[in-house]
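Next comes my_file-v9.csv, a file with CSV, C-alpha atoms and all ligand atoms.
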```
chain,number,residue,atom,x,y,z
A,1,MET,CA,5.4,-15.7,11.2
A,2,TRP,CA,4.3,-16.5,7.7
A,3,ILE,CA,4.6,-20.2,6.7
A,4,LYS,CA,4.5,-21.5,3.1
A,5,ILE,CA,4.3,-25.2,2.5
A,6,CYS,CA,5.6,-25.5,-1.1
A,7,ALA,CA,5.6,-27.9,-4.0
A,8,ASN,CA,2.2,-29.5,-3.4
A,9,THR,CA,1.0,-31.9,-6.1
A,10,SER,CA,-2.5,-32.8,-4.8
A,11,LEU,CA,-5.5,-31.4,-3.1
A,12,GLU,CA,-4.9,-33.8,-0.2
A,13,ASP,CA,-1.4,-32.3,0.4
A,14,ALA,CA,-2.5,-28.7,0.0
A,15,GLN,CA,-5.4,-29.2,2.4
A,16,LEU,CA,-3.0,-30.8,4.9
A,17,ALA,CA,-0.9,-27.6,4.9
A,18,VAL,CA,-4.1,-25.6,5.5
A,19,ASP,CA,-5.2,-27.8,8.4
A,20,ALA,CA,-1.8,-27.7,10.0
A,21,GLY,CA,-2.0,-23.9,10.1
A,22,ALA,CA,0.2,-22.7,7.2
A,23,ASN,CA,-0.5,-19.3,5.7
A,24,ALA,CA,0.3,-20.2,2.1
A,25,VAL,CA,0.7,-23.2,-0.2
A,26,GLY,CA,2.9,-23.3,-3.3
A,27,PHE,CA,2.8,-25.1,-6.6
A,28,VAL,CA,5.8,-25.6,-8.8
A,29,PHE,CA,5.3,-24.9,-12.6
A,30,ALA,CA,9.0,-25.4,-13.4
A,31,GLU,CA,11.1,-28.5,-14.1
A,32,SER,CA,10.9,-30.6,-11.0
A,33,PRO,CA,9.9,-34.0,-9.6
A,34,ARG,CA,7.1,-31.9,-8.0
A,35,ARG,CA,6.0,-30.1,-11.2
A,36,VAL,CA,2.2,-29.6,-11.7
A,37,THR,CA,0.1,-28.4,-14.6
A,38,ARG,CA,-2.2,-25.4,-14.7
A,39,THR,CA,-5.1,-27.9,-15.0
A,40,GLN,CA,-4.2,-29.6,-11.8
A,41,VAL,CA,-3.6,-26.3,-9.9
A,42,ARG,CA,-6.8,-24.8,-11.1
A,43,ALA,CA,-8.8,-27.7,-9.7
A,44,ILE,CA,-6.9,-27.7,-6.4
A,45,ALA,CA,-7.0,-24.0,-5.8
A,46,ALA,CA,-10.7,-23.8,-6.4
A,47,ARG,CA,-11.3,-26.2,-3.5
A,48,LEU,CA,-9.0,-24.5,-1.0
A,49,PRO,CA,-10.3,-21.9,1.5
A,50,LYS,CA,-10.3,-18.3,0.2
A,51,ASN,CA,-8.0,-17.1,2.9
A,52,ILE,CA,-5.1,-19.4,2.2
A,53,GLU,CA,-2.5,-17.8,-0.1
A,54,LYS,CA,-1.8,-19.8,-3.3
A,55,TYR,CA,1.6,-19.2,-4.8
A,56,GLY,CA,2.9,-20.3,-8.2
A,57,VAL,CA,6.7,-21.0,-8.4
A,58,PHE,CA,8.3,-20.1,-11.7
A,59,VAL,CA,11.9,-20.5,-13.0
A,60,HIS,CA,13.0,-18.0,-15.7
A,61,PRO,CA,9.4,-17.4,-16.8
A,62,SER,CA,8.1,-14.9,-19.4
A,63,PHE,CA,5.7,-12.2,-18.3
A,64,ASP,CA,2.9,-13.9,-20.2
A,65,GLU,CA,3.5,-17.3,-18.6
A,66,VAL,CA,3.2,-15.8,-15.1
A,67,ALA,CA,0.3,-13.4,-15.8
A,68,ASP,CA,-1.7,-16.1,-17.6
A,69,THR,CA,-1.1,-18.7,-14.9
A,70,VAL,CA,-2.2,-16.3,-12.1
A,71,MET,CA,-5.5,-15.7,-13.9
A,72,ASP,CA,-6.0,-19.2,-15.0
A,73,CYS,CA,-5.4,-20.9,-11.6
A,74,GLY,CA,-6.6,-18.2,-9.2
A,75,LEU,CA,-3.2,-17.7,-7.7
A,76,THR,CA,-2.7,-15.0,-5.0
A,77,GLY,CA,1.0,-14.8,-5.3
A,78,VAL,CA,4.1,-15.7,-7.4
A,79,GLN,CA,7.6,-16.8,-6.5
A,80,LEU,CA,10.1,-15.7,-9.2
A,81,HIS,CA,13.4,-17.5,-9.7
A,82,THR,CA,14.5,-15.1,-12.4
A,83,THR,CA,17.6,-13.6,-13.7
A,84,SER,CA,16.8,-13.1,-17.3
A,85,ASP,CA,14.3,-10.2,-16.8
A,86,PRO,CA,15.0,-8.1,-13.7
A,87,ALA,CA,12.1,-5.9,-14.5
A,88,LEU,CA,9.6,-8.8,-14.3
A,89,PRO,CA,8.4,-8.0,-10.7
A,90,LEU,CA,7.7,-4.4,-11.6
A,91,ARG,CA,5.9,-5.3,-14.8
A,92,LEU,CA,3.7,-7.7,-12.8
A,93,ARG,CA,3.0,-5.1,-10.1
A,94,GLU,CA,1.9,-2.6,-12.8
A,95,HIS,CA,-0.2,-5.2,-14.5
A,96,PHE,CA,-2.0,-6.5,-11.4
A,97,GLY,CA,-2.2,-3.2,-9.6
A,98,ASP,CA,-0.6,-1.9,-6.5
A,99,MET,CA,-3.4,-2.6,-4.1
A,100,PRO,CA,-3.4,-3.4,-0.4
A,101,ALA,CA,-3.6,-7.0,0.9
A,102,PRO,CA,-5.6,-9.3,0.5
A,103,LYS,CA,-6.2,-8.2,-3.1
A,104,ARG,CA,-2.6,-7.5,-3.8
A,105,LEU,CA,-0.7,-10.1,-5.8
A,106,GLY,CA,2.2,-11.3,-3.6
A,107,ILE,CA,5.5,-11.1,-5.4
A,108,LEU,CA,8.4,-13.0,-3.9
A,109,ARG,CA,11.8,-12.8,-5.5
A,110,VAL,CA,14.2,-15.7,-5.0
A,111,LEU,CA,17.9,-15.1,-4.2
A,112,HIS,CA,20.3,-18.1,-3.9
A,113,TYR,CA,22.8,-18.1,-1.2
A,114,THR,CA,26.0,-18.3,-3.2
A,115,THR,CA,29.3,-16.4,-3.3
A,116,ASP,CA,27.9,-13.4,-5.1
A,117,PHE,CA,25.0,-13.1,-2.5
A,118,ASP,CA,26.0,-9.5,-1.4
A,119,ALA,CA,25.9,-8.3,-5.0
A,120,GLN,CA,22.5,-9.9,-5.5
A,121,VAL,CA,21.1,-8.3,-2.4
A,122,GLY,CA,22.6,-4.9,-3.4
A,123,GLU,CA,20.7,-5.1,-6.7
A,124,LEU,CA,17.4,-5.3,-4.9
A,125,GLN,CA,17.6,-1.8,-3.4
A,126,PRO,CA,15.3,0.0,-5.9
A,127,ASP,CA,12.9,-3.0,-6.3
A,128,HIS,CA,9.7,-1.7,-4.7
A,129,ALA,CA,7.6,-4.2,-6.6
A,130,VAL,CA,8.8,-7.1,-4.5
A,131,ASP,CA,6.9,-8.0,-1.2
A,132,ALA,CA,9.6,-10.2,0.2
A,133,VAL,CA,12.9,-11.9,-0.7
A,134,LEU,CA,13.1,-15.6,-0.4
A,135,ILE,CA,16.6,-16.9,0.2
A,136,ASP,CA,17.1,-20.4,-1.0
A,137,SER,CA,19.9,-22.9,-1.8
A,138,ARG,CA,20.9,-24.1,-5.2
A,139,THR,CA,22.9,-27.1,-6.4
A,140,ALA,CA,24.5,-28.0,-9.7
A,141,LYS,CA,21.2,-29.8,-10.6
A,142,ALA,CA,18.4,-27.7,-9.0
A,143,VAL,CA,17.4,-24.1,-8.2
A,144,GLY,CA,14.9,-25.1,-5.6
A,145,GLY,CA,13.6,-28.1,-3.7
A,146,THR,CA,17.2,-29.0,-3.0
A,147,GLY,CA,16.9,-30.0,0.7
A,148,VAL,CA,20.2,-28.2,1.3
A,149,ALA,CA,20.5,-25.5,4.0
A,150,PHE,CA,22.8,-22.5,3.6
A,151,ASP,CA,24.9,-20.6,6.2
A,152,TRP,CA,22.1,-18.8,8.0
A,153,ARG,CA,24.4,-16.7,10.2
A,154,ALA,CA,26.4,-15.3,7.2
A,155,ALA,CA,23.2,-14.7,5.2
A,156,GLN,CA,21.7,-12.8,8.1
A,157,SER,CA,24.5,-10.3,8.4
A,158,SER,CA,24.7,-9.9,4.7
A,159,PHE,CA,21.0,-9.3,4.4
A,160,LEU,CA,20.8,-6.9,7.4
A,161,ARG,CA,23.8,-4.9,5.9
A,162,SER,CA,22.4,-4.6,2.4
A,163,ALA,CA,18.6,-4.8,2.6
A,164,PRO,CA,17.2,-4.4,6.2
A,165,HIS,CA,14.1,-2.8,4.7
A,166,LEU,CA,13.0,-5.9,2.9
A,167,ARG,CA,11.0,-8.8,4.3
A,168,LEU,CA,13.1,-12.0,4.4
A,169,ILE,CA,11.7,-15.5,3.9
A,170,VAL,CA,14.1,-18.4,4.6
A,171,ALA,CA,14.0,-21.6,2.6
A,172,GLY,CA,16.4,-24.4,1.6
A,173,GLY,CA,16.9,-27.6,3.7
A,174,LEU,CA,14.4,-26.7,6.4
A,175,ARG,CA,13.0,-29.6,8.4
A,176,PRO,CA,10.9,-29.9,11.5
A,177,GLU,CA,14.1,-30.6,13.5
A,178,ASN,CA,16.1,-27.5,12.3
A,179,VAL,CA,13.5,-24.9,11.5
A,180,ALA,CA,13.5,-23.4,15.0
A,181,ASP,CA,17.3,-22.8,14.8
A,182,ALA,CA,16.8,-21.1,11.4
A,183,VAL,CA,14.1,-18.9,12.9
A,184,TYR,CA,16.2,-17.9,15.9
A,185,THR,CA,19.3,-17.2,13.8
A,186,LEU,CA,17.7,-15.3,10.9
A,187,GLN,CA,14.6,-13.9,12.6
A,188,PRO,CA,12.9,-13.9,9.2
A,189,TRP,CA,9.5,-12.6,8.3
A,190,GLY,CA,8.6,-16.1,6.9
A,191,VAL,CA,9.7,-19.6,6.2
A,192,ASP,CA,9.2,-21.9,3.3
A,193,VAL,CA,9.7,-25.7,2.9
A,194,ALA,CA,9.3,-28.3,0.2
A,195,SER,CA,11.3,-31.6,0.5
A,196,GLY,CA,11.7,-31.3,4.3
A,197,VAL,CA,8.1,-32.3,5.0
A,198,GLU,CA,7.8,-35.0,2.3
A,199,ALA,CA,7.4,-38.8,2.6
A,200,PHE,CA,9.0,-38.9,-0.9
A,201,PRO,CA,9.4,-36.4,-3.8
A,202,GLY,CA,5.9,-35.0,-4.6
A,203,LYS,CA,4.1,-36.5,-1.6
A,204,LYS,CA,3.8,-34.7,1.8
A,205,ASP,CA,4.2,-36.6,5.1
A,206,PRO,CA,1.3,-35.4,7.4
A,207,ALA,CA,3.3,-35.8,10.7
A,208,LYS,CA,6.2,-33.8,9.2
A,209,VAL,CA,4.0,-31.0,8.0
A,210,ARG,CA,2.3,-30.6,11.4
A,211,ALA,CA,5.6,-30.9,13.2
A,212,PHE,CA,7.1,-28.2,11.0
A,213,VAL,CA,4.3,-25.7,11.5
A,214,ASN,CA,4.3,-26.3,15.2
A,215,ALA,CA,8.1,-25.8,15.5
A,216,VAL,CA,7.8,-22.5,13.6
A,217,ARG,CA,4.9,-21.2,15.7
A,218,GLN,CA,6.7,-22.2,18.9
A,219,ALA,CA,10.0,-20.5,17.9
A,220,ALA,CA,8.2,-17.4,16.8
A,221,ALA,CA,6.3,-17.2,20.1
A,222,GLU,CA,9.7,-17.5,22.0
A,223,ILE,CA,11.1,-14.6,20.0
A,224,GLU,CA,8.1,-12.5,20.8
A,225,LYS,CA,8.5,-13.2,24.5
A,226,VAL,CA,12.0,-11.9,24.7
A,227,LYS,CA,11.3,-8.7,22.7
A,228,LEU,CA,11.2,-5.5,24.6
A,229,PRO,CA,7.7,-3.9,24.8
A,230,ALA,CA,8.7,-1.2,22.3
A,231,GLU,CA,9.8,-3.8,19.7
A,232,ALA,CA,6.7,-6.0,20.0
B,1,LIG,O1,10.4,-27.9,-5.0
B,1,LIG,C1,11.0,-28.0,-6.1
B,1,LIG,O2,11.2,-29.1,-6.7
B,1,LIG,C2,11.4,-26.7,-6.8
B,1,LIG,C3,12.0,-26.9,-8.1
B,1,LIG,C4,12.4,-25.7,-8.8
B,1,LIG,C5,12.2,-24.5,-8.2
B,1,LIG,C6,11.6,-24.4,-7.0
B,1,LIG,C7,11.2,-25.5,-6.3
B,1,LIG,N1,10.7,-25.4,-5.0
B,1,LIG,C8,10.3,-24.0,-4.5
B,1,LIG,C9,10.3,-23.8,-3.1
B,1,LIG,O3,9.7,-22.8,-2.7
B,1,LIG,C10,10.9,-24.7,-2.1
B,1,LIG,O4,10.1,-24.6,-0.9
B,1,LIG,C11,12.3,-24.2,-1.7
B,1,LIG,O5,13.0,-24.3,-2.9
B,1,LIG,C12,12.9,-25.0,-0.6
B,1,LIG,O6,13.0,-26.4,-1.0
B,1,LIG,P1,13.5,-27.4,0.1
B,1,LIG,O7,15.0,-27.2,0.3
B,1,LIG,O8,13.2,-28.8,-0.5
B,1,LIG,O9,12.7,-27.2,1.3
```
Please render this file's structure as structure tokens.
Amino acid sequence: MWIKICANTSLEDAQLAVDAGANAVGFVFAESPRRVTRTQVRAIAARLPKNIEKYGVFVHPSFDEVADTVMDCGLTGVQLHTTSDPALPLRLREHFGDMPAPKRLGILRVLHYTTDFDAQVGELQPDHAVDAVLIDSRTAKAVGGTGVAFDWRAAQSSFLRSAPHLRLIVAGGLRPENVADAVYTLQPWGVDVASGVEAFPGKKDPAKVRAFVNAVRQAAAEIEKVKLPAEA
């Protein structure tokens, strides 16, 4: 299972995620207590192993902002919280090329679990540019990093009904103590966490990061065990 530890603000924290066994680290370029600059991320990303995926998180960005940041910081993927330009994923895919991994730019589109979730999922049908959909929570104050979990069971049936062909990443309020439940309920392709593994906003807690990754790996292994040979 794919694991992203998001909203890193230092090399120390990003390296902690790598050492714990995460697949990807994320950096928030949007308004947030965890916001980082391109200069910071360029320096951090250059010191991380080549095989760790490096995602930039953007809220309502322009095409130029995303494309320039990818090149400037050496990002391997982008996470788009976007409503203003629904064509943005496709424009980025065309710009960066439709190549196979690991050269392919990872494009994650964020959906928030709200009352119009079914409609949001339905709109994704023709979006072949997106590699995975990241379902997150939002509050009146924030579109990410909320620490709030959504109704996993309801989200799962909605997602399976409307977009079973798309990869699902679960985020929002995950912690070492509840992430196994989320994995069992949603059986996602990946998981993503920011505040649930922090000591305080902007600073990761090493024990929580390690416990989170271990809990996910263990839950994923349990799921594999009960799969029929044909499904595995
Ligand atoms: O982390 C933030 O502060 C943030 C702010 C604005 C947009 C996105 C943000 N984080 C992006 C992430 O991918 C988080 O991992 C995701 O929202 C889950 O956050 P949390 O509920 O704190 O685990």
Exercise. Between A:Phe212, A:Tyr113, A:Phe29, A:Phe63, which has the minimum distance to Phe150 of chain A (counting all atoms listed in the file)?
Worked result: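 Among the listed residues, the smallest separation from Phe150 of chain A belongs to A:Tyr113.
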For this session: Taking all atoms listed in the file into account, report as a VMD selection string which residues have an atom no farther than 8 Å from an atom of ligand LIG 1 (chain B).
Result: chain A and resid 4 to 7 26 to 28 30 to 35 57 to 59 79 81 136 to 137 142 to 149 171 to 175 192 to 197
For this session: For Pro86 of chain A, list every protein, DNA or RNA residue within 10 Å, evaluated using all atoms listed in the file, and leave out those in the same chain fewer than 5 positions away; present the list as a ChimeraX atom specification.
Result: /A:91,109,123-124,127
Keeping only C-alpha atoms, write the selected residues as a short mmCIF file (atom, residue, chain, number, x, y, z; two decimals), in the coordinates of the input.
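As written to disk, part-v3.cif reads:
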```cif
data_model
loop_
_atom_site.label_atom_id
_atom_site.label_comp_id
_atom_site.auth_asym_id
_atom_site.auth_seq_id
_atom_site.Cartn_x
_atom_site.Cartn_y
_atom_site.Cartn_z
CA ARG A 91 5.90 -5.30 -14.80
CA ARG A 109 11.80 -12.80 -5.50
CA GLU A 123 20.70 -5.10 -6.70
CA LEU A 124 17.40 -5.30 -4.90
CA ASP A 127 12.90 -3.00 -6.30
#
```
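Taking all atoms listed in the file, the non-local environment of segment 64-67 of chain A within 12 Å (same-chain residues fewer than 6 positions away omitted) comprises A:Val28, A:Phe29, A:Ala30, A:Arg38, A:Tyr55, A:Gly56, A:Val57, A:Phe58, A:Cys73, A:Gly74, A:Leu75, A:Thr76, A:Gly77, A:Val78, A:Gln79, A:Leu80, A:His81, A:Thr82, A:Leu88, A:Pro89, A:Arg91, A:Leu92, A:Arg93, A:Glu94, A:His95, A:Phe96, A:Leu105, A:Ile107.
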Got time to write the residues from that selection, C-alpha atoms, as a short mmCIF file (atom, residue, chain, number, x, y, z; two decimals), in the frame of the given file?
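See out_33.cif below for the written result:
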```cif
data_model
loop_
_atom_site.label_atom_id
_atom_site.label_comp_id
_atom_site.auth_asym_id
_atom_site.auth_seq_id
_atom_site.Cartn_x
_atom_site.Cartn_y
_atom_site.Cartn_z
CA VAL A 28 5.80 -25.60 -8.80
CA PHE A 29 5.30 -24.90 -12.60
CA ALA A 30 9.00 -25.40 -13.40
CA ARG A 38 -2.20 -25.40 -14.70
CA TYR A 55 1.60 -19.20 -4.80
CA GLY A 56 2.90 -20.30 -8.20
CA VAL A 57 6.70 -21.00 -8.40
CA PHE A 58 8.30 -20.10 -11.70
CA CYS A 73 -5.40 -20.90 -11.60
CA GLY A 74 -6.60 -18.20 -9.20
CA LEU A 75 -3.20 -17.70 -7.70
CA THR A 76 -2.70 -15.00 -5.00
CA GLY A 77 1.00 -14.80 -5.30
CA VAL A 78 4.10 -15.70 -7.40
CA GLN A 79 7.60 -16.80 -6.50
CA LEU A 80 10.10 -15.70 -9.20
CA HIS A 81 13.40 -17.50 -9.70
CA THR A 82 14.50 -15.10 -12.40
CA LEU A 88 9.60 -8.80 -14.30
CA PRO A 89 8.40 -8.00 -10.70
CA ARG A 91 5.90 -5.30 -14.80
CA LEU A 92 3.70 -7.70 -12.80
CA ARG A 93 3.00 -5.10 -10.10
CA GLU A 94 1.90 -2.60 -12.80
CA HIS A 95 -0.20 -5.20 -14.50
CA PHE A 96 -2.00 -6.50 -11.40
CA LEU A 105 -0.70 -10.10 -5.80
CA ILE A 107 5.50 -11.10 -5.40
#
```
Problem set entry | Contact residues around Val18 of chain A with all atoms listed in the file at 12 Å, ignoring same-chain residues under 3 positions, as a ChimeraX atom specification | /A:3-6,8,11-15,21-26,45,47-54,206,209-210,213
Now that the selection is made, can you save its residues with C-alpha atoms as an mmCIF file, keeping the file's coordinate frame?
```cif
data_model
loop_
_atom_site.group_PDB
_atom_site.id
_atom_site.type_symbol
_atom_site.label_atom_id
_atom_site.label_comp_id
_atom_site.auth_asym_id
_atom_site.auth_seq_id
_atom_site.Cartn_x
_atom_site.Cartn_y
_atom_site.Cartn_z
ATOM 1 C CA ILE A 3 4.600 -20.200 6.700
ATOM 2 C CA LYS A 4 4.500 -21.500 3.100
ATOM 3 C CA ILE A 5 4.300 -25.200 2.500
ATOM 4 C CA CYS A 6 5.600 -25.500 -1.100
ATOM 5 C CA ASN A 8 2.200 -29.500 -3.400
ATOM 6 C CA LEU A 11 -5.500 -31.400 -3.100
ATOM 7 C CA GLU A 12 -4.900 -33.800 -0.200
ATOM 8 C CA ASP A 13 -1.400 -32.300 0.400
ATOM 9 C CA ALA A 14 -2.500 -28.700 0.000
ATOM 10 C CA GLN A 15 -5.400 -29.200 2.400
ATOM 11 C CA GLY A 21 -2.000 -23.900 10.100
ATOM 12 C CA ALA A 22 0.200 -22.700 7.200
ATOM 13 C CA ASN A 23 -0.500 -19.300 5.700
ATOM 14 C CA ALA A 24 0.300 -20.200 2.100
ATOM 15 C CA VAL A 25 0.700 -23.200 -0.200
ATOM 16 C CA GLY A 26 2.900 -23.300 -3.300
ATOM 17 C CA ALA A 45 -7.000 -24.000 -5.800
ATOM 18 C CA ARG A 47 -11.300 -26.200 -3.500
ATOM 19 C CA LEU A 48 -9.000 -24.500 -1.000
ATOM 20 C CA PRO A 49 -10.300 -21.900 1.500
ATOM 21 C CA LYS A 50 -10.300 -18.300 0.200
ATOM 22 C CA ASN A 51 -8.000 -17.100 2.900
ATOM 23 C CA ILE A 52 -5.100 -19.400 2.200
ATOM 24 C CA GLU A 53 -2.500 -17.800 -0.100
ATOM 25 C CA LYS A 54 -1.800 -19.800 -3.300
ATOM 26 C CA PRO A 206 1.300 -35.400 7.400
ATOM 27 C CA VAL A 209 4.000 -31.000 8.000
ATOM 28 C CA ARG A 210 2.300 -30.600 11.400
ATOM 29 C CA VAL A 213 4.300 -25.700 11.500
#
```
For this session: Measure the distance from atom CA of Ala17 of chain A to atom CA of Ala220 of chain A in Å and round it to one decimal.
Result: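 Computing it gives 18.1 Å between the two atoms.
Across the structure, atom CA of Val216 of chain A and atom CA of Asp131 of chain A are spaced 20.7 Å apart.
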For this session: Just the residues within 7 Å of Val170 of chain A, please, counting only C-alpha atoms, with nothing from its chain fewer than 5 positions along; format it as a list in words.
Result: Leu134, Ile135, Asp136, Pro188, Gly190, Val191 and Asp192 of chain A
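If you measure from each of A:Phe159, A:Pro164, A:Arg153, A:Ala129 to Gly97 of chain A using only C-alpha atoms, the closest one turns out to be A:Ala129.
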Problem set entry | Nearest to Val226 of chain A, chosen from A:Tyr184, A:Ile169, A:Pro176, A:Ala119, with all atoms listed in the file counted in the distances |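 Of A:Tyr184, A:Ile169, A:Pro176, A:Ala119, the one nearest Val226 of chain A, counting all atoms listed in the file, is A:Tyr184.
Among the candidate residues A:Leu90, A:Ser158, A:Met99, A:Arg138, the one lying nearest to Val121 of chain A is A:Ser158, with distances computed using all atoms listed in the file.
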For this session: Calculate how many Å separate atom CA of Val183 of chain A from atom CA of Asp205 of chain A, rounding to one decimal.
Result: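 Atom CA of Asp205 of chain A lies at a distance of 21.7 Å from atom CA of Val183 of chain A.
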For this session: Find the residues near Thr185 of chain A: any atom within 9 Å, counting all atoms listed in the file, skip ones fewer than 5 places away on the same chain, and give them as a list in words.
Result: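 Listed by chain and then number, they are Trp152, Arg153, Gln156 and Ala180 of chain A.
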Write the residues of the preceding selection, restricted to C-alpha atoms, as a PDB file, in the frame of the given file.
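That gives us result.pdb:
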```pdb
ATOM      1  CA  TRP A 152      22.100 -18.800   8.000  1.00  0.00           C
ATOM      2  CA  ARG A 153      24.400 -16.700  10.200  1.00  0.00           C
ATOM      3  CA  GLN A 156      21.700 -12.800   8.100  1.00  0.00           C
ATOM      4  CA  ALA A 180      13.500 -23.400  15.000  1.00  0.00           C
TER       5      ALA A 180
END
```
For this session: Compare A:Ala207, A:Ile44, A:Leu166, A:Ala101 by their minimum atom-to-atom distance to Trp189 of chain A, counting only C-alpha atoms, and give me the closest one.
Result: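 Going through A:Ala207, A:Ile44, A:Leu166, A:Ala101 one by one, the smallest distance to Trp189 of chain A is for A:Leu166.
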For this session: Using all atoms listed in the file, find the one residue out of A:Arg104, A:Lys203, A:Ala182, A:Gly122 that sits nearest to Ser162 of chain A.
Result: A:Gly122
Starting from the sparse input, extend segment 99-119 of chain A to N, CA and C atoms and give the output as a tab-separated table (two decimals), in the frame of the given file.
```tsv
chain	number	residue	atom	x	y	z
A	99	MET	N	-2.38	-2.76	-5.07
A	99	MET	CA	-3.40	-2.60	-4.10
A	99	MET	C	-2.98	-3.19	-2.72
A	100	PRO	N	-3.70	-2.83	-1.67
A	100	PRO	CA	-3.40	-3.40	-0.40
A	100	PRO	C	-3.79	-4.89	-0.30
A	101	ALA	N	-3.20	-5.66	0.65
A	101	ALA	CA	-3.60	-7.00	0.90
A	101	ALA	C	-5.10	-7.00	1.32
A	102	PRO	N	-5.95	-7.98	1.07
A	102	PRO	CA	-5.60	-9.30	0.50
A	102	PRO	C	-5.72	-9.29	-1.04
A	103	LYS	N	-6.04	-8.16	-1.65
A	103	LYS	CA	-6.20	-8.20	-3.10
A	103	LYS	C	-4.91	-8.08	-3.87
A	104	ARG	N	-3.86	-7.67	-3.17
A	104	ARG	CA	-2.60	-7.50	-3.80
A	104	ARG	C	-1.97	-8.82	-4.21
A	105	LEU	N	-1.40	-8.90	-5.41
A	105	LEU	CA	-0.70	-10.10	-5.80
A	105	LEU	C	0.64	-10.14	-5.05
A	106	GLY	N	0.88	-11.20	-4.30
A	106	GLY	CA	2.20	-11.30	-3.60
A	106	GLY	C	3.27	-11.63	-4.57
A	107	ILE	N	4.36	-10.88	-4.49
A	107	ILE	CA	5.50	-11.10	-5.40
A	107	ILE	C	6.73	-11.41	-4.56
A	108	LEU	N	7.23	-12.64	-4.66
A	108	LEU	CA	8.40	-13.00	-3.90
A	108	LEU	C	9.57	-13.19	-4.95
A	109	ARG	N	10.69	-12.59	-4.63
A	109	ARG	CA	11.80	-12.80	-5.50
A	109	ARG	C	12.85	-13.68	-4.82
A	110	VAL	N	13.33	-14.68	-5.54
A	110	VAL	CA	14.20	-15.70	-5.00
A	110	VAL	C	15.69	-15.21	-5.17
A	111	LEU	N	16.47	-15.26	-4.10
A	111	LEU	CA	17.90	-15.10	-4.20
A	111	LEU	C	18.54	-16.42	-3.71
A	112	HIS	N	19.59	-16.85	-4.37
A	112	HIS	CA	20.30	-18.10	-3.90
A	112	HIS	C	21.49	-17.69	-3.09
A	113	TYR	N	21.67	-18.41	-2.01
A	113	TYR	CA	22.80	-18.10	-1.20
A	113	TYR	C	24.08	-18.67	-1.79
A	114	THR	N	24.78	-17.85	-2.56
A	114	THR	CA	26.00	-18.30	-3.20
A	114	THR	C	27.07	-17.20	-2.96
A	115	THR	N	28.23	-17.36	-3.58
A	115	THR	CA	29.30	-16.40	-3.30
A	115	THR	C	29.03	-14.99	-3.67
A	116	ASP	N	28.15	-14.78	-4.66
A	116	ASP	CA	27.90	-13.40	-5.10
A	116	ASP	C	26.60	-12.86	-4.36
A	117	PHE	N	26.28	-13.41	-3.19
A	117	PHE	CA	25.00	-13.10	-2.50
A	117	PHE	C	24.94	-11.56	-2.21
A	118	ASP	N	26.05	-10.98	-1.70
A	118	ASP	CA	26.00	-9.50	-1.40
A	118	ASP	C	25.64	-8.71	-2.59
A	119	ALA	N	26.20	-9.06	-3.73
A	119	ALA	CA	25.90	-8.30	-5.00
A	119	ALA	C	24.44	-8.47	-5.33
```
